[in-house]
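Visitor: My structure is stored as upload.cif, with mmCIF, C-alpha atoms.
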```cif
data_run
loop_
_atom_site.label_atom_id
_atom_site.label_comp_id
_atom_site.auth_asym_id
_atom_site.auth_seq_id
_atom_site.Cartn_x
_atom_site.Cartn_y
_atom_site.Cartn_z
CA MET C 1 -16.77 -45.35 -7.36
CA ILE C 2 -18.07 -45.67 -10.90
CA VAL C 3 -15.82 -44.24 -13.61
CA VAL C 4 -17.40 -43.75 -16.99
CA ASN C 5 -14.91 -43.32 -19.80
CA ARG C 6 -16.78 -41.47 -22.47
CA GLU C 7 -15.50 -41.50 -26.05
CA GLN C 8 -14.44 -38.01 -27.06
CA PRO C 9 -14.38 -36.71 -30.58
CA PHE C 10 -10.93 -36.62 -32.13
CA TRP C 11 -10.48 -32.81 -32.00
CA HIS C 12 -11.32 -32.70 -28.31
CA ARG C 13 -8.25 -34.72 -27.46
CA PHE C 14 -5.96 -31.83 -28.34
CA TYR C 15 -7.93 -29.45 -26.04
CA LEU C 16 -7.31 -26.84 -28.71
CA THR C 17 -10.98 -26.20 -29.35
CA SER C 18 -11.59 -25.56 -25.66
CA ILE C 19 -8.63 -23.18 -25.44
CA LEU C 20 -9.80 -21.30 -28.50
CA GLY C 21 -13.30 -21.18 -27.03
CA GLY C 22 -11.90 -19.65 -23.87
CA MET C 23 -9.82 -17.18 -25.83
CA TRP C 24 -12.91 -16.21 -27.81
CA ILE C 25 -14.68 -15.28 -24.55
CA THR C 26 -11.66 -13.22 -23.46
CA MET C 27 -11.53 -11.46 -26.81
CA ARG C 28 -15.21 -10.67 -26.63
CA HIS C 29 -14.76 -8.98 -23.26
CA LEU C 30 -11.83 -7.04 -24.65
CA LEU C 31 -14.12 -5.33 -27.11
CA ARG C 32 -16.87 -4.51 -24.65
CA ARG C 33 -17.39 -1.30 -22.70
CA ARG C 34 -14.89 -0.85 -19.88
CA PHE C 35 -16.53 -1.86 -16.63
CA THR C 36 -13.92 -0.82 -14.10
CA LEU C 37 -14.41 2.43 -12.22
CA ARG C 38 -10.94 3.97 -12.01
CA TYR C 39 -11.47 5.09 -8.47
CA PRO C 40 -9.09 7.86 -7.47
CA GLU C 41 -9.59 9.59 -10.82
CA THR C 42 -13.25 8.90 -11.54
CA ARG C 43 -15.73 8.65 -8.71
CA PHE C 44 -19.09 7.13 -8.08
CA LYS C 45 -21.78 9.77 -8.11
CA PRO C 46 -24.19 9.20 -5.23
CA PRO C 47 -27.88 9.29 -6.08
CA ALA C 48 -30.31 11.62 -4.33
CA GLY C 49 -30.98 10.55 -0.77
CA TYR C 50 -27.63 8.84 -0.44
CA ARG C 51 -26.53 8.28 3.13
CA GLY C 52 -22.92 9.29 3.41
CA ILE C 53 -21.25 10.91 6.36
CA PRO C 54 -23.34 12.97 8.83
CA ALA C 55 -22.48 16.64 8.91
CA LEU C 56 -23.80 19.84 10.49
CA VAL C 57 -25.16 22.65 8.35
CA LYS C 58 -25.62 26.40 8.68
CA ASP C 59 -28.49 28.43 7.26
CA GLN C 60 -28.12 31.16 4.64
CA ASN C 61 -27.48 33.78 7.33
CA GLY C 62 -24.51 31.83 8.58
CA ARG C 63 -26.16 30.83 11.86
CA GLU C 64 -25.50 27.34 13.09
CA LYS C 65 -28.82 25.56 13.14
CA CYS C 66 -28.11 23.06 15.88
CA VAL C 67 -29.69 24.02 19.20
CA ALA C 68 -28.08 21.21 21.21
CA CYS C 69 -31.31 19.38 22.04
CA TYR C 70 -29.43 16.07 22.38
CA LEU C 71 -32.00 14.15 20.33
CA CYS C 72 -29.43 12.86 17.87
CA GLN C 73 -27.11 11.86 20.68
CA PHE C 74 -30.01 10.04 22.29
CA VAL C 75 -31.15 8.23 19.15
CA CYS C 76 -27.71 7.33 17.78
CA PRO C 77 -27.52 3.50 17.87
CA PRO C 78 -23.73 3.20 18.25
CA ARG C 79 -23.55 6.31 20.48
CA ALA C 80 -21.19 8.06 18.14
CA ILE C 81 -22.37 11.60 18.87
CA THR C 82 -21.19 13.61 21.85
CA ILE C 83 -22.61 17.07 22.46
CA ARG C 84 -21.78 19.63 25.10
CA ALA C 85 -24.35 22.41 25.14
CA GLY C 86 -23.63 26.00 25.99
CA GLU C 87 -25.64 29.15 26.42
CA MET C 88 -25.61 31.46 23.46
CA PRO C 89 -25.22 35.08 24.66
CA GLY C 90 -27.38 37.81 23.16
CA ASN C 91 -29.44 35.60 20.93
CA SER C 92 -33.02 34.39 20.90
CA VAL C 93 -31.78 30.82 20.65
CA GLU C 94 -30.80 29.81 24.15
CA LYS C 95 -28.66 26.78 23.48
CA TYR C 96 -26.02 25.94 20.99
CA PRO C 97 -23.43 23.17 20.91
CA GLU C 98 -20.13 24.26 22.38
CA GLU C 99 -18.74 20.95 21.33
CA PHE C 100 -20.23 18.57 18.82
CA GLU C 101 -18.25 15.45 18.12
CA ILE C 102 -19.09 12.51 15.91
CA ASN C 103 -16.84 9.50 16.15
CA MET C 104 -16.75 8.39 12.54
CA LEU C 105 -15.36 5.01 13.54
CA ARG C 106 -18.51 4.38 15.58
CA CYS C 107 -20.93 5.96 13.13
CA ILE C 108 -22.89 3.50 11.02
CA TYR C 109 -24.34 6.04 8.56
CA CYS C 110 -27.89 5.06 9.46
CA GLY C 111 -29.40 8.52 9.20
CA TYR C 112 -31.40 8.43 12.41
CA CYS C 113 -29.80 11.72 13.46
CA GLU C 114 -31.00 13.41 10.31
CA GLU C 115 -34.44 11.89 10.74
CA VAL C 116 -34.85 12.92 14.37
CA CYS C 117 -33.41 16.43 14.14
CA PRO C 118 -36.17 19.00 14.82
CA GLU C 119 -34.08 21.87 13.48
CA GLN C 120 -32.87 20.15 10.30
CA ALA C 121 -29.35 20.87 11.38
CA ILE C 122 -27.68 17.55 10.64
CA PHE C 123 -27.65 15.88 7.26
CA LEU C 124 -26.05 12.85 5.72
CA VAL C 125 -23.97 14.36 2.95
CA ASN C 126 -22.50 12.66 -0.10
CA ASP C 127 -18.96 12.09 1.15
CA TYR C 128 -18.20 8.47 1.82
CA GLU C 129 -14.50 7.75 1.97
CA PHE C 130 -12.81 8.45 5.26
CA ALA C 131 -9.80 6.68 6.63
CA GLY C 132 -6.98 7.61 8.93
CA GLY C 133 -3.96 6.43 10.79
CA SER C 134 -5.35 6.84 14.29
CA ARG C 135 -8.67 6.70 16.05
CA GLN C 136 -8.42 10.29 17.19
CA GLU C 137 -8.06 11.47 13.62
CA LEU C 138 -11.54 10.23 12.79
CA VAL C 139 -13.34 11.90 15.69
CA PHE C 140 -14.72 14.90 13.83
CA GLY C 141 -15.31 18.08 15.79
CA LYS C 142 -17.63 20.98 15.05
CA GLU C 143 -15.30 22.76 12.66
CA LYS C 144 -14.83 19.71 10.46
CA LEU C 145 -18.55 18.88 10.52
CA TYR C 146 -19.52 22.40 9.42
CA GLN C 147 -16.88 22.26 6.72
CA LEU C 148 -18.39 19.05 5.42
CA GLY C 149 -21.99 20.16 5.73
CA GLY C 150 -21.75 23.66 4.34
CA VAL C 151 -24.80 25.84 3.93
CA ARG C 152 -28.35 24.67 3.34
CA PRO C 153 -30.93 27.40 2.68
CA ASP C 154 -33.76 27.35 5.19
CA PRO C 155 -37.16 28.54 3.87
CA ILE C 156 -38.67 29.20 7.30
CA LEU C 157 -35.93 30.76 9.49
CA LYS C 158 -38.02 30.34 12.60
CA TRP C 159 -35.48 31.94 14.94
CA ALA C 160 -34.84 35.02 12.82
CA ASN C 161 -37.58 37.30 14.23
CA LYS C 162 -37.67 36.17 17.81
CA MET U 1 31.95 3.66 -20.65
CA LEU U 2 31.73 7.30 -19.66
CA THR U 3 33.57 8.48 -22.70
CA GLY U 4 30.99 6.89 -24.85
CA ILE U 5 28.28 9.18 -23.53
CA ARG U 6 29.60 12.57 -24.50
CA GLY U 7 32.62 11.83 -26.61
CA ALA U 8 36.29 11.92 -25.74
CA LYS U 9 36.17 15.35 -24.07
CA SER U 10 35.11 14.10 -20.65
CA ALA U 11 37.81 11.49 -20.54
CA THR U 12 40.26 14.20 -19.60
CA GLY U 13 37.72 16.13 -17.43
CA THR U 14 37.61 16.54 -13.66
CA ALA U 15 35.91 14.23 -11.20
CA ALA U 16 32.93 16.57 -10.92
CA GLU U 17 32.35 16.40 -14.64
CA ALA U 18 32.50 12.66 -14.52
CA GLU U 19 29.97 12.64 -11.70
CA SER U 20 27.50 14.82 -13.55
CA LEU U 21 27.88 12.51 -16.50
CA LEU U 22 27.12 9.58 -14.25
CA GLU U 23 23.92 11.25 -13.13
CA GLN U 24 22.82 11.58 -16.72
CA ALA U 25 23.60 7.99 -17.50
CA LEU U 26 22.32 6.22 -14.40
CA LEU U 27 19.15 6.41 -12.37
CA THR U 28 20.32 6.40 -8.78
CA THR U 29 18.10 5.90 -5.75
CA ARG U 30 18.24 4.66 -2.22
CA LEU U 31 17.79 0.97 -1.66
CA ASP U 32 15.07 1.70 0.91
CA ALA U 33 13.06 3.57 -1.68
CA VAL U 34 13.26 0.72 -4.16
CA VAL U 35 12.25 -1.82 -1.54
CA ALA U 36 9.37 0.36 -0.37
CA TRP U 37 8.25 0.86 -3.95
CA ALA U 38 8.24 -2.88 -4.56
CA ARG U 39 6.42 -3.57 -1.31
CA LYS U 40 3.73 -0.99 -1.75
CA ASN U 41 2.86 -2.14 -5.24
CA SER U 42 2.46 -5.79 -4.37
CA LEU U 43 0.60 -5.83 -1.09
CA TRP U 44 -1.01 -9.23 -0.77
CA PRO U 45 -3.99 -8.93 1.52
CA MET U 46 -5.05 -11.50 4.06
CA PRO U 47 -8.84 -11.16 3.91
CA LEU U 48 -10.09 -11.69 7.42
CA GLY U 49 -13.76 -11.27 6.70
CA THR U 50 -15.86 -11.92 9.76
CA ALA U 51 -19.03 -10.03 8.87
CA CYS U 52 -20.80 -7.94 6.27
CA CYS U 53 -17.74 -5.77 5.53
CA ALA U 54 -16.34 -8.84 3.80
CA ILE U 55 -19.00 -8.47 1.11
CA GLU U 56 -17.66 -5.03 0.27
CA MET U 57 -14.15 -6.48 0.36
CA MET U 58 -15.23 -9.01 -2.26
CA ALA U 59 -16.63 -6.16 -4.33
CA VAL U 60 -13.20 -4.53 -4.17
CA ALA U 61 -11.69 -7.69 -5.60
CA GLY U 62 -14.28 -7.77 -8.38
CA PRO U 63 -14.05 -6.13 -11.80
CA ARG U 64 -15.87 -2.93 -10.91
CA TYR U 65 -13.37 -1.68 -8.34
CA ASP U 66 -10.56 -4.05 -9.28
CA ILE U 67 -7.98 -4.08 -6.51
CA ALA U 68 -5.57 -5.52 -9.10
CA ARG U 69 -4.93 -1.95 -10.21
CA PHE U 70 -3.12 -1.49 -6.90
CA GLY U 71 -1.20 -4.76 -7.14
CA SER U 72 -3.23 -6.42 -4.40
CA GLU U 73 -5.33 -8.82 -6.42
CA ARG U 74 -3.94 -11.90 -4.76
CA LEU U 75 -6.16 -12.30 -1.74
CA SER U 76 -4.05 -14.72 0.22
CA PHE U 77 -6.11 -17.07 2.30
CA SER U 78 -2.94 -18.35 3.88
CA PRO U 79 -1.37 -15.88 6.31
CA ARG U 80 2.12 -17.13 5.44
CA GLN U 81 1.99 -15.46 2.05
CA ALA U 82 0.24 -12.26 3.09
CA ASP U 83 1.57 -8.75 3.71
CA MET U 84 -1.48 -6.93 4.87
CA MET U 85 -4.40 -8.08 6.96
CA ILE U 86 -7.78 -6.56 6.22
CA VAL U 87 -9.92 -7.08 9.29
CA ALA U 88 -13.38 -6.77 7.82
CA GLY U 89 -16.14 -7.23 10.30
CA THR U 90 -17.06 -7.71 13.90
CA VAL U 91 -14.45 -9.44 16.01
CA THR U 92 -15.86 -11.20 19.03
CA LYS U 93 -13.78 -11.97 22.07
CA LYS U 94 -13.94 -15.63 21.16
CA MET U 95 -12.53 -14.83 17.72
CA ALA U 96 -9.77 -12.61 19.09
CA PRO U 97 -7.16 -15.33 19.84
CA ALA U 98 -7.59 -16.72 16.32
CA LEU U 99 -7.14 -13.25 14.87
CA ARG U 100 -3.97 -12.74 16.86
CA MET U 101 -2.66 -16.13 15.78
CA ILE U 102 -3.26 -15.32 12.12
CA TYR U 103 -1.47 -12.02 12.60
CA ASP U 104 1.48 -13.76 14.25
CA GLN U 105 1.68 -16.24 11.38
CA MET U 106 2.11 -13.49 8.81
CA PRO U 107 5.72 -12.77 7.85
CA ASP U 108 7.25 -9.38 8.61
CA PRO U 109 6.82 -6.67 7.49
CA LYS U 110 3.06 -6.62 7.84
CA TRP U 111 0.32 -4.07 7.92
CA VAL U 112 -3.25 -4.10 9.21
CA ILE U 113 -6.33 -2.29 7.93
CA ALA U 114 -9.28 -2.14 10.32
CA MET U 115 -12.17 -1.92 7.89
CA GLY U 116 -15.48 -0.60 9.07
CA ALA U 117 -16.99 0.49 12.34
CA CYS U 118 -16.90 -2.87 14.14
CA ALA U 119 -13.25 -3.65 13.46
CA SER U 120 -12.15 -0.09 14.14
CA SER U 121 -13.98 0.64 17.35
CA GLY U 122 -16.60 -2.00 18.06
CA GLY U 123 -19.19 -0.01 16.14
CA MET U 124 -22.70 -0.41 17.40
CA PHE U 125 -21.84 -3.56 19.32
CA HIS U 126 -21.15 -1.89 22.63
CA THR U 127 -21.43 -5.27 24.32
CA TYR U 128 -19.55 -7.62 26.58
CA SER U 129 -18.83 -10.07 23.78
CA THR U 130 -17.31 -7.79 21.16
CA VAL U 131 -13.75 -6.54 20.98
CA GLN U 132 -13.96 -2.74 21.06
CA GLY U 133 -11.59 -2.26 18.16
CA VAL U 134 -9.01 -4.71 16.87
CA ASP U 135 -6.23 -2.34 17.90
CA GLN U 136 -6.60 -3.95 21.32
CA ILE U 137 -5.10 -7.17 19.95
CA VAL U 138 -3.12 -6.25 16.82
CA PRO U 139 -1.39 -2.99 15.80
CA VAL U 140 -3.60 -1.22 13.26
CA ASP U 141 -2.12 1.03 10.60
CA VAL U 142 -5.22 2.40 8.92
CA TYR U 143 -8.79 2.69 10.16
CA VAL U 144 -11.55 2.92 7.58
CA SER U 145 -14.86 4.53 8.51
CA GLY U 146 -18.18 3.13 7.35
CA CYS U 147 -20.72 0.44 8.06
CA PRO U 148 -19.76 -1.13 5.77
CA PRO U 149 -17.42 1.24 3.96
CA ARG U 150 -17.93 1.64 0.25
CA PRO U 151 -15.33 -0.21 -1.83
CA GLU U 152 -13.81 3.18 -2.62
CA ALA U 153 -13.25 3.77 1.09
CA LEU U 154 -11.30 0.52 1.37
CA LEU U 155 -9.27 1.45 -1.70
CA TYR U 156 -8.57 4.80 -0.06
CA GLY U 157 -7.43 2.95 3.05
CA LEU U 158 -5.20 0.78 0.89
CA MET U 159 -3.72 3.90 -0.67
CA LEU U 160 -3.02 5.23 2.81
CA VAL U 161 -1.17 2.01 3.65
CA GLN U 162 0.86 2.42 0.46
CA GLU U 163 1.60 5.99 1.51
CA LYS U 164 2.70 4.72 4.90
CA ILE U 165 5.03 2.18 3.32
CA ARG U 166 6.50 4.88 1.09
CA THR U 167 6.94 7.66 3.62
CA GLY U 168 6.69 5.94 6.98
CA LYS U 169 3.57 7.81 8.04
CA VAL U 170 -0.06 8.09 7.08
CA LYS U 171 -0.76 11.38 5.38
CA SER U 172 -3.19 13.20 7.59
CA PRO U 173 -5.35 15.51 5.44
CA GLN U 174 -8.57 13.87 4.40
CA THR U 175 -9.74 14.03 0.83
CA VAL U 176 -13.10 15.75 0.92
CA GLU U 177 -15.18 15.72 -2.19
CA GLY U 178 -16.85 19.06 -2.74
#
```
Mind turning this structure into structure tokens?

Guide:
Amino acid sequence: MIVVNREQPFWHRFYLTSILGGMWITMRHLLRRRFTLRYPETRFKPPAGYRGIPALVKDQNGREKCVACYLCQFVCPPRAITIRAGEMPGNSVEKYPEEFEINMLRCIYCGYCEEVCPEQAIFLVNDYEFAGGSRQELVFGKEKLYQLGGVRPDPILKWANK
Amino acid sequence: MLTGIRGAKSATGTAAEAESLLEQALLTTRLDAVVAWARKNSLWPMPLGTACCAIEMMAVAGPRYDIARFGSERLSFSPRQADMMIVAGTVTKKMAPALRMIYDQMPDPKWVIAMGACASSGGMFHTYSTVQGVDQIVPVDVYVSGCPPRPEALLYGLMLVQEKIRTGKVKSPQTVEG
């Protein structure tokens, strides 16, 4: 091993200049804009098209838009969606989901369900932070999914006059 | 000492008076509560990053999300000095014995966060080689949804662990942003 002993200037031997140089960098950052997002109080605002959690939506008449076609269940890569279809009595729409479960611990927020849905009934909404103490807690049923999704106005309402 | 608080009057007072004076002068609490408070505010994580969730875990340690605000800035790469294991990423069956060994090496009391879809349930790896959730090999306290979860989601999971240390259970209602 070759050791080169370089001559240092006199003031470098005290290391004081280096310490002051480091302190100068710290002081400079002290005066800059605060970078930290104080999470529980201030939140990140998702941009348009953000893929958060998938949720079911209703139209402006309060009808659930899902017709239980099973396309999202079929396309879902981690197989997070479980649907049980039922027959809707006295309505032009024959099927509706009696049960619609999304296992949020399986879900990978990919948005294929939103993409494939022919009724525009499932959307990836802006909520992103979900955690829980058990696996069962994070299997979201229909009620929770409608609560998350809310109402999205539908310009066409193709089932209204049938 | 008591007489000094409210003058000489209480020196001749009853025991109840003396007790109420004590309450004014001292902050009393249960020892459990103090210990829990100390534990929850200095959770040293053991970052077990096996996949892409680890990138988000690094983001949590960075200045933007700054896990130091929760007292967990010391990511302990030695399990002997860690309190909480963050399993971030896919755990294969070949990795599972190592994971269990790391968990066993951590001193009690210890907590586990399963971060992301793979660690929580196997995620999209519905295969023969992947552990379908790390709760099959270690006891998990908090599951965090996401693939990978945003740093906020991990911080929320951390807050749930702190809640569990304080009260003994994970608070169940989810925070839903409107």

Visitor: Apply the PyMOL selection byres ((chain C) within 10 of (chain U)) to the structure shown and report the selected residues as number ranges by chain.

Guide: C: 34-40, 43-44, 52-53, 76-80, 103-110, 126-135, 137-138, 147-150

Visitor: What's the separation between CA of Glu98 (chain C) and CA of Arg51 (chain C), in Å to one decimal place?

Guide: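 Rounded to one decimal, the two atoms are 25.8 Å apart.
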
Visitor: What does the distance from CA of Val112 (chain U) to CA of Ala61 (chain U) come to in Å, to one decimal?

Guide: 17.4 Å

Visitor: Within 12 Å of Leu43 (chain U), counting all atoms listed in the file, which residues show up once you throw out same-chain ones fewer than 2 positions away? Write them as a VMD selection string, please.

Guide: chain U and resid 36 to 41 45 to 47 67 to 76 81 to 86 109 to 113 158 to 159 161 to 162 165

Visitor: Just the residues within 7 Å of region 151-158 of chain C, please, counting all atoms listed in the file, with nothing from its chain fewer than 2 positions along; format it as a list in words.

Guide: Val57, Lys58, Asp59, Gln60, Gly149 and Ala160 of chain C

Visitor: Can you measure CA of Gly90 (chain C) to CA of Gly62 (chain C) for me? One decimal in Å is fine.

Guide: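 According to the coordinates, CA of Gly90 (chain C) and CA of Gly62 (chain C) are separated by 16.0 Å.
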
Visitor: With distances taken over all atoms listed in the file, which residue among C:Gly141, C:Pro97, C:Pro54, C:Gly86 lies nearest Val125 (chain C)?

Guide: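 Comparing C:Gly141, C:Pro97, C:Pro54, C:Gly86 against Val125 (chain C), the winner is C:Pro54.
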
Visitor: So, counting all atoms listed in the file, which residue among C:Phe100, C:Leu30, C:Glu119, C:Phe14 is closest to Lys144 (chain C)?

Guide: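 Nearest to Lys144 (chain C): C:Phe100.
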
Visitor: For the provided coordinates, the residues matched by the PyMOL selection byres ((chain C and resi 69) around 12) should be stated as a ChimeraX atom specification.

Guide: /C:65-68,70-75,82-86,93-97,100,113,116-121

Visitor: Tell me which residues the PyMOL selection byres ((chain U and resi 89) around 6) grabs here, as an MDAnalysis selection string.

Guide: chainID U and resid 49:51 53 88 90 118:119
